[in-house]
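Q: Take a look at this one; I'll ask things after.
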Amino acid sequence: MKVFHVIDENSLFKDHLEDQLLRTDQEIFLIKKNRFGLTYVSIFELVHLSRLNEKTLFVFHEVHHLSLFILNFFIRDFLFTLSYIGHEFYSNFISESAFQEHCLNKSPLLDKKFYPSSKSSLSRVIKDYLKLKIALFVVSRAIAITSLTQKQFRILKKIFFLKKGYHLKTFHKMSRAYFDEHEYKENLFEQKNGLTFLICHSATDSLAHEQSLEILRKLSMNAPYDIHIRGFLSYSGGDESYRDNLESTLIQKASDFSKSISFEREFLDRESLSQRLLEADVALFSCFRDEGVTFLRQFVSLGGLVCFNKFSINFSFFNSYCPNKTLSHEDLFSINLENILEKKRQKPEIKYNFLNYSEITDLSLFRI
């Protein structure tokens with residue numbers, strides 16, 4: 001069987017995927033996309049490619065479901081798997097605002113005023129309905145799905161059953177996706193009677209920066225140690241004016257309980273970023289979807305602890321990937337300073353139970 005990994009020629013993950021497939025007989029097929037999905041030329045090329053081989057397996061990365069819906073009618077014995085990382089999962093199967101509301105209802109420590117609100121227009125509701133119908137059709141015909149967490153697949157199965165009335169039979173594996181493995185570096189940096197918290201990797205509003213500050217403010221009321229706050233506002237999330245206002249607001253709101261607070265506004269190379277990450281103890285994020293996973297995996301490899309809402313996708317991923325470095329928000333209020341530092345000194349216990357894309361040729365993994 002010939003295996004082709006189909007990915008956008010402009011994808012940020014293309015080079016990582018190519019590196020993972022170097023020692024395999026699998027190939028990458030680069031496609032062009034427009035606002036509706038694949039271009040007509042790319043669709044024609046995929047149909048032609050399927051006819052050159054007796055049996056072909058396509059592994060689609062970040063590909064629009066509408067394009068797969070169309071291909072289903074033109075490729076005989078269409079065998080394909082779907083790889084979900086983030087936005088293409090939420091934009092098709094679940095409303096981020098609905099998932100946000102679900103997590104907030106289960107989390108008394110959090111306040112909805114710190115999260116972005118959105119009201120859907122009638123046209124948006126109709127568009128989302130059609131996208132979901134097409135996406136459910138596509139996943140029902142996929143031989144397998146890979147995603148970062150089992151939680152994402154549980155959500156998909158529940159939605160599928162509620163909408164279709166029967167259970168989704170597609171097989172699922174967790175995937176380490178396009179991530180490089182980071183070499184562990186022992187971090188001996190420790191504040192004297194204090195902890196440094198990293199609250200963001202970007203200025204994106206879904207990170208709920210002020211919610212993280214509110215958690216730290218509550219923690220400071222009884223914590224017998226100083227709290228230092230750091231963050232990165234150099235990646236995505238509005239223009240310079242927006243970031244200026246966000247930084248000013250965060251500094252003002254944290255000034256009454258934090259010992260120090262500062263944010264990085266410059267883009268850093270990998271080595272400089274590592275040096276900055278070594279200066280933090282805990283990354284406390286308040287987002288609900290998977291955000292900053294590559295960034296946070298690098299932080300964990302440097303000994304840092306990560307802390308999330310326990311219903312978030314980030315918590316689900318890191319609690320599987322490296323449980324001895326993962327905390328819930330509630331854990332911060334029940335663990336003392338020495339225990340936090342002890343966990344930080346531990347070597348990350350990485351769980352290698354994630355599928356590499358190079359393993360896709362072992363079809364027994366998918367019970368095919």
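We name chains A, B, ... following the order of the structure tokens; residues begin at 1 in each chain, and ligands are numbered from 1 as shown.
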Taking a cut-off of 12 Å and counting only C-alpha atoms, can you build a table that, for each residue of segment 280-299 of chain A near segment 136-148 of chain A, reports the nearest atom pair and how far apart they are in Å (one decimal), sorted by chain then residue number, as JSON lines?
A:
```
{"residue": "A:Arg289", "atom": "CA", "partner": "A:Leu148", "partner_atom": "CA", "distance": 11.0}
{"residue": "A:Asp290", "atom": "CA", "partner": "A:Leu148", "partner_atom": "CA", "distance": 8.6}
{"residue": "A:Glu291", "atom": "CA", "partner": "A:Leu148", "partner_atom": "CA", "distance": 11.4}
{"residue": "A:Val293", "atom": "CA", "partner": "A:Leu148", "partner_atom": "CA", "distance": 9.7}
{"residue": "A:Thr294", "atom": "CA", "partner": "A:Leu148", "partner_atom": "CA", "distance": 11.7}
```
Q: Can you pull out every residue within 12 Å of His102 of chain A, counting only C-alpha atoms, but drop anything in the same chain fewer than 4 positions away, and send it as a ChimeraX atom specification?
A: /A:94-98,106-108,110,112,155,288-289,311-312
Q: Using DSSP secondary structure from the backbone, list all alpha helix (DSSP H) positions within segment 18-195 of chain A, as a ChimeraX atom specification.
A: /A:18-20,40-52,65-71,87-93,96-105,122-141,150-164
Q: Find the residues near Tyr40 of chain A: any atom within 12 Å, counting only C-alpha atoms, skip ones fewer than 5 places away on the same chain, and give them as a ChimeraX atom specification.
A: /A:31-34,45-47,67,70-71
Q: Next, the residues of the selection above should be written as a PDB file, in the first residue's frame with C-alpha atoms.
A:
```pdb
ATOM      1  CA  ILE A  31      -1.542  20.746  -1.921  1.00  0.00           C
ATOM      2  CA  LYS A  32      -2.755  24.298  -2.496  1.00  0.00           C
ATOM      3  CA  LYS A  33      -5.678  25.727  -0.561  1.00  0.00           C
ATOM      4  CA  ASN A  34      -8.128  28.558  -0.993  1.00  0.00           C
ATOM      5  CA  GLU A  45      -4.151  15.695  -8.646  1.00  0.00           C
ATOM      6  CA  LEU A  46      -5.286  13.606  -5.670  1.00  0.00           C
ATOM      7  CA  VAL A  47      -7.841  11.759  -7.777  1.00  0.00           C
ATOM      8  CA  SER A  67     -12.721  18.891   0.049  1.00  0.00           C
ATOM      9  CA  ILE A  70     -15.994  15.978  -2.673  1.00  0.00           C
ATOM     10  CA  LEU A  71     -13.101  13.506  -2.989  1.00  0.00           C
TER      11      LEU A  71
END
```
Q: Give me the residues near segment 267-274 of chain A as a ChimeraX atom specification, where near means some atom within 10 Å (using only C-alpha atoms) and where sequence neighbours in that chain fewer than 2 positions away do not count.
A: /A:185,232-235,264-265,276-279,295,298-299,301-302
Q: Quick one: residues within 12 Å of Ser50 of chain A, only C-alpha atoms counted, chain neighbours fewer than 3 positions away excluded, as a PDB file with C-alpha atoms, in the first residue's frame?
A:
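This went into selection29.pdb:
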```pdb
ATOM      1  CA  MET A   1       0.000   0.000   0.000  1.00  0.00           C
ATOM      2  CA  LYS A   2       1.273   3.449  -0.926  1.00  0.00           C
ATOM      3  CA  VAL A   3       0.961   6.101   1.800  1.00  0.00           C
ATOM      4  CA  PHE A   4       0.761   9.813   1.049  1.00  0.00           C
ATOM      5  CA  PHE A  29       1.998  15.358  -1.196  1.00  0.00           C
ATOM      6  CA  ILE A  43      -8.407  17.798  -5.988  1.00  0.00           C
ATOM      7  CA  PHE A  44      -7.757  16.626  -9.555  1.00  0.00           C
ATOM      8  CA  GLU A  45      -4.151  15.695  -8.646  1.00  0.00           C
ATOM      9  CA  LEU A  46      -5.286  13.606  -5.670  1.00  0.00           C
ATOM     10  CA  VAL A  47      -7.841  11.759  -7.777  1.00  0.00           C
ATOM     11  CA  ASN A  53      -1.524   2.784  -7.325  1.00  0.00           C
ATOM     12  CA  GLU A  54      -3.507  -0.373  -6.688  1.00  0.00           C
ATOM     13  CA  LYS A  55      -4.180   0.723  -3.113  1.00  0.00           C
ATOM     14  CA  THR A  56      -3.507   4.155  -1.623  1.00  0.00           C
ATOM     15  CA  LEU A  57      -3.804   5.481   1.912  1.00  0.00           C
ATOM     16  CA  PHE A  58      -4.057   9.238   2.322  1.00  0.00           C
ATOM     17  CA  LEU A  71     -13.101  13.506  -2.989  1.00  0.00           C
ATOM     18  CA  ASN A  72     -15.274  10.755  -1.524  1.00  0.00           C
ATOM     19  CA  PHE A  74     -14.401  10.693  -7.115  1.00  0.00           C
ATOM     20  CA  ILE A  75     -11.965   8.228  -5.537  1.00  0.00           C
ATOM     21  CA  ARG A  76     -12.936   4.567  -5.586  1.00  0.00           C
ATOM     22  CA  ASP A  77     -12.080   2.702  -2.353  1.00  0.00           C
ATOM     23  CA  PHE A  78     -11.114   5.995  -0.726  1.00  0.00           C
ATOM     24  CA  LEU A  79      -8.877   5.069   2.246  1.00  0.00           C
ATOM     25  CA  PHE A  80      -7.883   7.963   4.461  1.00  0.00           C
TER      26      PHE A  80
END
```
Q: Within 8 Å of Ser260 of chain A, counting only C-alpha atoms, which residues show up once you throw out same-chain ones fewer than 2 positions away? Write them as a PyMOL selection string, please.
A: chain A and resi 227-229+255+258+262
Q: Please produce a file of the residues just selected, as a compact mmCIF listing (two decimals), in the first residue's frame, where the atoms kept are N, CA and C atoms.
A:
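Here's the written file result.txt:
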```txt
# COMPACT_ATOMS: atom_id res chain seq x y z
N ILE A 227 5.41 36.01 44.76
CA ILE A 227 4.96 35.60 43.43
C ILE A 227 5.53 36.56 42.39
N HIS A 228 6.26 36.00 41.43
CA HIS A 228 6.81 36.75 40.31
C HIS A 228 6.06 36.30 39.04
N ILE A 229 5.75 37.24 38.18
CA ILE A 229 4.94 36.94 36.99
C ILE A 229 5.70 37.31 35.72
N SER A 255 0.14 44.45 40.19
CA SER A 255 1.10 45.23 40.99
C SER A 255 0.84 45.16 42.48
N SER A 258 1.95 40.99 43.35
CA SER A 258 3.15 40.32 42.83
C SER A 258 4.41 41.08 43.23
N SER A 262 6.79 41.18 34.41
CA SER A 262 7.33 41.69 33.16
C SER A 262 6.94 40.77 32.01
```
Q: Using only C-alpha atoms, which of A:Ser11, A:Asn309, A:Asn336, A:Ser202 sits nearest Arg243 of chain A?
A: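 Smallest distance to Arg243 of chain A is found for A:Ser202.
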Q: Work out how far apart atom CA of Val282 of chain A and atom CA of Glu88 of chain A are and give it in Å to one decimal.
A: 29.0 Å
